[in-house]
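Trainee: For reference, the file coords.tsv (TSV, C-alpha atoms) is included below:
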chain	number	residue	atom	x	y	z
N	8	SER	CA	66.33	60.19	-5.38
N	9	ASN	CA	65.30	58.01	-2.46
N	10	SER	CA	63.37	55.66	-4.74
N	11	SER	CA	66.52	54.86	-6.72
N	12	ARG	CA	68.28	53.61	-3.60
N	13	GLY	CA	66.20	50.44	-3.49
N	14	SER	CA	66.66	49.94	0.26
N	15	THR	CA	65.39	51.35	3.52
N	16	GLU	CA	68.67	51.17	5.40
N	17	SER	CA	72.28	51.96	4.68
N	18	SER	CA	75.61	51.92	6.45
N	19	GLU	CA	78.00	54.81	6.05
N	20	ILE	CA	81.67	53.89	6.31
N	21	LEU	CA	83.99	56.77	5.51
N	22	GLY	CA	87.17	55.61	3.90
N	23	GLU	CA	85.14	53.03	1.98
N	24	GLY	CA	82.85	55.28	0.04
N	25	GLY	CA	83.06	58.73	1.60
N	26	ASP	CA	79.68	60.35	2.14
N	27	PHE	CA	77.90	57.90	-0.15
N	28	PRO	CA	76.28	55.08	1.84
N	29	VAL	CA	76.87	51.37	1.36
N	30	PHE	CA	73.45	49.71	1.39
N	31	SER	CA	72.13	46.73	3.25
N	32	THR	CA	68.70	45.13	3.00
N	33	SER	CA	67.63	44.91	6.64
N	34	SER	CA	65.55	47.35	8.63
N	35	ASP	CA	64.65	46.92	12.30
N	36	PHE	CA	63.82	50.49	13.23
N	37	SER	CA	60.35	51.51	14.31
N	38	SER	CA	58.94	54.77	13.02
N	39	SER	CA	59.78	57.83	15.08
N	40	SER	CA	57.48	60.73	15.75
N	41	MET	CA	60.05	62.79	17.62
N	42	SER	CA	60.94	66.20	16.26
N	43	SER	CA	64.40	67.72	16.62
N	44	ASN	CA	64.84	71.39	17.40
N	45	ARG	CA	68.38	72.48	16.62
N	46	SER	CA	68.75	74.95	19.50
N	47	ASP	CA	67.13	72.62	22.01
N	48	LEU	CA	69.47	69.80	21.12
N	49	SER	CA	72.57	71.92	21.33
N	50	SER	CA	71.59	73.23	24.73
N	51	LEU	CA	71.20	69.68	26.09
N	52	SER	CA	74.68	68.58	25.03
N	53	SER	CA	77.58	70.80	25.96
N	54	HIS	CA	80.17	68.27	24.81
N	55	PRO	CA	81.69	68.43	21.32
N	56	ASN	CA	80.54	65.30	19.53
N	57	ASP	CA	82.64	62.60	17.89
N	58	GLU	CA	80.74	62.15	14.63
N	59	SER	CA	83.95	62.04	12.59
N	60	ILE	CA	85.24	58.86	14.26
N	61	LEU	CA	82.00	56.85	14.23
N	62	ASN	CA	80.20	54.60	11.75
N	63	PHE	CA	76.44	54.95	11.31
N	64	SER	CA	73.57	53.01	9.77
N	65	PHE	CA	70.82	55.15	8.18
N	66	ASN	CA	67.17	54.06	8.05
N	67	TYR	CA	65.43	55.97	5.25
N	68	ASP	CA	61.85	55.00	6.06
N	69	ALA	CA	62.12	56.12	9.68
N	70	GLY	CA	64.56	58.96	9.02
N	71	THR	CA	66.78	57.78	11.89
N	72	VAL	CA	70.35	56.69	12.58
N	73	GLU	CA	72.02	53.87	14.53
N	74	VAL	CA	75.62	54.07	15.76
N	75	VAL	CA	77.42	50.86	14.83
N	76	GLY	CA	80.87	51.53	16.30
N	77	PHE	CA	84.18	53.25	15.71
N	78	ARG	CA	85.50	53.69	12.17
N	79	ASN	CA	88.92	52.64	13.42
N	80	PRO	CA	88.69	49.36	15.38
N	81	SER	CA	91.88	50.39	17.19
N	82	GLU	CA	90.46	53.71	18.42
N	83	THR	CA	92.06	54.52	21.78
N	84	ARG	CA	90.15	57.54	23.08
N	85	ASN	CA	88.65	57.21	26.55
N	86	VAL	CA	85.89	59.86	26.32
N	87	LEU	CA	83.14	59.47	23.72
N	88	THR	CA	80.32	61.86	22.90
N	89	ILE	CA	77.77	60.35	20.52
N	90	PRO	CA	76.04	63.10	18.50
N	91	ASN	CA	72.35	63.84	18.95
N	92	GLU	CA	71.84	63.91	15.18
N	93	ILE	CA	73.70	63.66	11.88
N	94	PHE	CA	73.34	66.08	8.97
N	95	ARG	CA	73.38	64.24	5.65
N	96	TRP	CA	71.83	64.83	2.22
N	97	GLY	CA	70.22	68.13	3.24
N	98	ARG	CA	68.47	66.90	6.38
N	99	TYR	CA	69.00	66.09	10.07
N	100	TRP	CA	68.83	62.45	11.17
N	101	PRO	CA	68.30	61.82	14.90
N	102	VAL	CA	70.55	59.18	16.46
N	103	VAL	CA	68.06	56.80	18.11
N	104	SER	CA	69.98	53.59	18.75
N	105	ILE	CA	73.36	52.07	19.52
N	106	GLY	CA	73.88	48.82	17.66
N	107	PRO	CA	74.74	45.35	18.96
N	108	TYR	CA	78.36	45.03	20.10
N	109	ALA	CA	79.03	48.59	18.89
N	110	PHE	CA	81.69	49.27	21.53
N	111	SER	CA	81.98	45.85	23.14
N	112	HIS	CA	85.31	44.84	24.71
N	113	ASN	CA	86.76	48.33	24.29
N	114	PRO	CA	89.69	48.57	26.74
N	115	HIS	CA	89.90	52.38	26.65
N	116	LEU	CA	86.39	53.85	27.04
N	117	SER	CA	85.81	55.39	30.46
N	118	ILE	CA	83.21	58.15	29.85
N	119	VAL	CA	80.32	58.01	27.37
N	120	HIS	CA	77.87	60.86	26.70
N	121	LEU	CA	74.73	59.43	25.10
N	122	PRO	CA	72.50	61.32	22.61
N	123	VAL	CA	69.26	62.85	23.89
N	124	ASN	CA	67.18	61.21	21.10
N	125	LEU	CA	68.32	57.71	22.08
N	126	LYS	CA	65.56	55.06	22.14
N	127	GLN	CA	67.47	51.77	22.17
N	128	ILE	CA	70.77	50.48	23.50
N	129	LYS	CA	71.03	47.10	21.83
N	130	ASN	CA	72.55	43.80	22.95
N	131	CYS	CA	76.10	43.94	24.30
N	132	ALA	CA	76.59	47.51	23.03
N	133	PHE	CA	79.05	48.30	25.84
N	134	SER	CA	79.70	44.83	27.24
N	135	GLU	CA	83.09	44.13	28.82
N	136	CYS	CA	84.12	47.79	28.77
N	137	ASP	CA	86.13	47.42	31.97
N	138	LYS	CA	87.05	51.07	32.43
N	139	LEU	CA	83.57	52.46	31.77
N	140	GLU	CA	82.33	54.75	34.52
N	141	ALA	CA	78.69	55.33	35.44
N	142	VAL	CA	76.49	56.37	32.52
N	143	ASN	CA	73.94	59.19	32.92
N	144	PHE	CA	70.56	57.83	31.80
N	145	ARG	CA	68.41	60.34	33.66
N	146	PHE	CA	67.81	62.83	30.84
N	147	LEU	CA	67.35	60.29	28.04
N	148	LEU	CA	63.63	60.98	27.85
N	149	PHE	CA	63.04	58.78	24.76
N	150	LEU	CA	64.96	55.74	26.00
N	151	GLU	CA	62.71	52.66	25.85
N	152	SER	CA	64.95	49.60	26.05
N	153	ILE	CA	68.37	48.42	27.16
N	154	GLY	CA	69.31	45.12	25.55
N	155	THR	CA	70.75	41.83	26.76
N	156	GLY	CA	74.23	42.24	28.23
N	157	ALA	CA	74.38	45.89	27.15
N	158	PHE	CA	76.67	46.96	30.01
N	159	SER	CA	77.68	43.57	31.43
N	160	VAL	CA	81.22	43.18	32.71
N	161	ASN	CA	83.56	40.89	34.60
N	162	PRO	CA	82.78	41.90	38.20
N	163	PHE	CA	86.44	41.90	39.13
N	164	ALA	CA	87.10	44.55	36.48
N	165	SER	CA	84.06	46.83	37.00
N	166	ARG	CA	84.46	50.41	38.16
N	167	GLU	CA	82.28	51.73	40.98
N	168	TRP	CA	79.04	53.11	39.50
N	169	GLY	CA	77.33	54.29	42.68
N	170	THR	CA	73.77	55.43	41.90
N	171	ILE	CA	71.96	55.19	38.58
N	172	GLU	CA	68.57	56.71	37.75
N	173	PHE	CA	66.49	55.62	34.79
N	174	PRO	CA	64.06	57.91	32.90
N	175	PRO	CA	60.28	57.39	32.94
N	176	SER	CA	60.32	56.37	29.26
N	177	LEU	CA	62.28	53.17	29.97
N	178	LYS	CA	60.14	50.03	29.58
N	179	ILE	CA	62.47	47.04	29.21
N	180	ILE	CA	65.86	46.07	30.63
N	181	GLY	CA	67.19	42.89	29.07
N	182	ARG	CA	68.80	39.81	30.53
N	183	GLU	CA	72.21	40.46	32.19
N	184	ALA	CA	72.07	44.07	31.02
N	185	PHE	CA	74.18	45.30	33.97
N	186	ASP	CA	75.49	41.96	35.20
N	187	GLY	CA	78.70	42.45	37.20
N	188	ARG	CA	78.48	46.26	37.46
N	189	LYS	CA	79.17	47.68	40.93
N	190	ILE	CA	75.95	49.65	41.43
N	191	HIS	CA	74.91	50.78	44.90
N	192	THR	CA	71.43	52.26	44.33
N	193	ILE	CA	68.91	52.09	41.48
N	194	TYR	CA	66.02	54.51	40.90
N	195	PHE	CA	63.19	53.66	38.53
N	196	THR	CA	60.48	56.18	37.78
N	197	SER	CA	57.18	55.14	36.21
N	198	ASN	CA	56.54	52.75	33.32
N	199	ILE	CA	59.26	50.12	33.74
N	200	MET	CA	57.56	46.91	32.55
N	201	GLU	CA	60.21	44.20	32.45
N	202	ILE	CA	63.57	43.51	34.11
N	203	GLY	CA	65.35	40.49	32.68
N	204	GLN	CA	67.10	37.56	34.31
N	205	SER	CA	70.31	38.54	36.14
N	206	ALA	CA	69.89	42.11	34.89
N	207	PHE	CA	71.57	43.60	37.97
N	208	ARG	CA	73.31	40.58	39.39
N	209	HIS	CA	76.14	41.74	41.63
N	210	HIS	CA	79.06	39.88	43.11
N	211	PHE	CA	80.32	41.90	46.07
N	212	GLU	CA	78.88	42.21	49.54
N	213	HIS	CA	78.83	46.03	49.49
N	214	SER	CA	77.41	46.42	46.01
N	215	LEU	CA	73.67	46.83	45.32
N	216	SER	CA	71.91	48.25	48.40
N	217	SER	CA	68.45	49.44	47.30
N	218	VAL	CA	66.13	49.39	44.30
N	219	ASN	CA	63.54	52.18	44.26
N	220	PHE	CA	60.35	52.28	42.18
N	221	GLY	CA	59.08	55.85	42.13
N	222	HIS	CA	55.46	56.37	41.05
N	223	SER	CA	55.22	52.84	39.62
N	224	LEU	CA	51.60	51.68	39.77
N	225	SER	CA	52.55	48.01	39.58
N	226	ALA	CA	55.55	45.77	39.89
N	227	PRO	CA	57.32	44.94	36.61
N	228	LEU	CA	57.85	41.44	35.32
N	229	VAL	CA	61.15	40.33	36.79
N	230	GLY	CA	63.44	37.48	35.76
N	231	ASP	CA	65.25	35.03	38.00
N	232	MET	CA	68.23	36.45	39.91
N	233	ALA	CA	67.54	39.95	38.59
N	234	PHE	CA	69.11	41.50	41.71
N	235	MET	CA	71.04	38.49	42.96
N	236	GLY	CA	74.12	39.00	45.10
N	237	ARG	CA	75.74	37.88	48.34
N	238	TYR	CA	73.37	40.28	50.10
N	239	MET	CA	70.03	41.12	48.53
N	240	PRO	CA	69.01	44.79	48.17
N	241	ASN	CA	65.93	46.41	49.69
N	242	VAL	CA	63.08	47.19	47.28
N	243	ILE	CA	61.16	50.41	48.01
N	244	TYR	CA	57.90	51.23	46.23
N	245	CYS	CA	54.90	53.56	46.45
N	246	THR	CA	52.09	52.70	48.84
N	247	GLY	CA	49.19	51.35	46.80
N	248	ALA	CA	51.29	49.92	43.96
N	249	THR	CA	50.25	46.37	43.09
N	250	GLY	CA	52.33	43.25	42.63
N	251	PHE	CA	55.03	43.95	45.22
N	252	THR	CA	55.03	41.08	47.69
N	253	ASP	CA	57.41	40.59	50.59
N	254	PRO	CA	59.76	39.16	49.55
N	255	TRP	CA	59.68	40.20	45.88
N	256	ALA	CA	62.38	38.99	43.47
N	257	GLY	CA	64.13	37.62	46.53
N	258	CYS	CA	64.29	41.07	48.18
N	259	ARG	CA	62.69	42.59	51.26
N	260	THR	CA	60.15	45.25	50.26
N	261	TYR	CA	59.07	48.50	51.90
N	262	ALA	CA	56.11	50.71	50.95
N	263	ARG	CA	56.54	54.50	51.17
N	264	ASP	CA	54.20	57.41	50.49
N	265	CYS	CA	54.26	58.63	46.90
N	266	GLY	CA	55.22	62.14	45.91
N	267	TRP	CA	58.94	61.67	45.66
N	268	MET	CA	61.27	61.32	42.71
N	269	ASN	CA	64.38	60.15	44.54
N	270	PHE	CA	64.83	58.62	47.95
N	271	ASP	CA	67.49	60.24	50.05
N	272	SER	CA	70.11	58.16	51.85
N	273	SER	CA	68.34	58.41	55.21
N	274	LEU	CA	65.17	56.82	53.80
N	275	SER	CA	67.05	53.97	52.19
N	276	SER	CA	69.00	53.50	55.42
N	277	SER	CA	65.81	53.37	57.50
N	278	ALA	CA	64.44	50.65	55.26
N	279	SER	CA	67.42	48.45	55.96
N	280	SER	CA	67.22	48.89	59.71
Do you think you could lay out the structure here as structure tokens?

Mentor:
Amino acid sequence: SNSSRGSTESSEILGEGGDFPVFSTSSDFSSSSMSSNRSDLSSLSSHPNDESILNFSFNYDAGTVEVVGFRNPSETRNVLTIPNEIFRWGRYWPVVSIGPYAFSHNPHLSIVHLPVNLKQIKNCAFSECDKLEAVNFRFLLFLESIGTGAFSVNPFASREWGTIEFPPSLKIIGREAFDGRKIHTIYFTSNIMEIGQSAFRHHFEHSLSSVNFGHSLSAPLVGDMAFMGRYMPNVIYCTGATGFTDPWAGCRTYARDCGWMNFDSSLSSSASS
């Protein structure tokens, strides 16, 4: 029974205990009210998942799972699909977080498919993954936070990421979260509250071009050098939003009529002219 376990969290490590969890005493998960519909989840992820090669930490109070890394530290695959949920002990457990340093310094990973239930990407989860290509955050409708250094990389090793779009659920991006990544355009929808120091610091003259705040009612808290680079990007926001000065976070700002989700290239280009 659950009461006999004596702990709210466990780590499952196959090869060192099979399907029976090894218990720890910590618990840093918040309670989750999300419900998981089997058919809905399967329709959102068309990629076969890699449950069999991953380690997980189970939180019994919240009924959720955190991915803590590969079972084999020498895993060499370059495409990873993290499952939306895990079936254990007669129930489904949604995968809601990726743990600190879970895949840090992996020299092989190039493509990662994240689970739709994801709420947190913790500190340095994918730091120094040189070959990692752009990650699709757009449909992660529960994602709330991206931790310190989560995707940071040596700028001389980073792949081109082009455009990234964050979901409206995202509230916090930690310090140096994307430091060194070659990102050209960023789209935020509503609700972003905090962008940490050096979160999107870039190191090449043709890297970050524009940062777009769609439907944001106010400017987020922003740390020093959040968008720092040889050339600073343009910041585009909705007319009427508060807190955006000119300059803001060291960037030129441009107000545009609301009613859009994404800016097209011509609009971003006109802002820079």

Trainee: Suppose you want the space between CA of Phe65 in chain N and CA of Ile128 in chain N; what is it in Å?

Mentor: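 CA of Phe65 in chain N sits 16.0 Å away from CA of Ile128 in chain N.
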
Trainee: Residues within 8 Å of (75.1, 47.1, 18.3), file coordinates, counting all atoms listed in the file: what are they? Give the list as a VMD selection string.

Mentor: chain N and resid 74 to 76 105 to 110 128 to 132

Trainee: Using all atoms listed in the file, pick whichever of N:Phe158, N:Phe211, N:Phe149, N:Tyr238 has the shortest atom-to-atom distance to Cys136 in chain N.

Mentor: N:Phe158

Trainee: By how many Å are CA of Gly187 in chain N and CA of Val103 in chain N apart?

Mentor: 26.1 Å

Trainee: Closest to Ala206 in chain N among N:Val142, N:Ala233, N:Ala157, N:Ala248, using only C-alpha atoms?

Mentor: N:Ala233
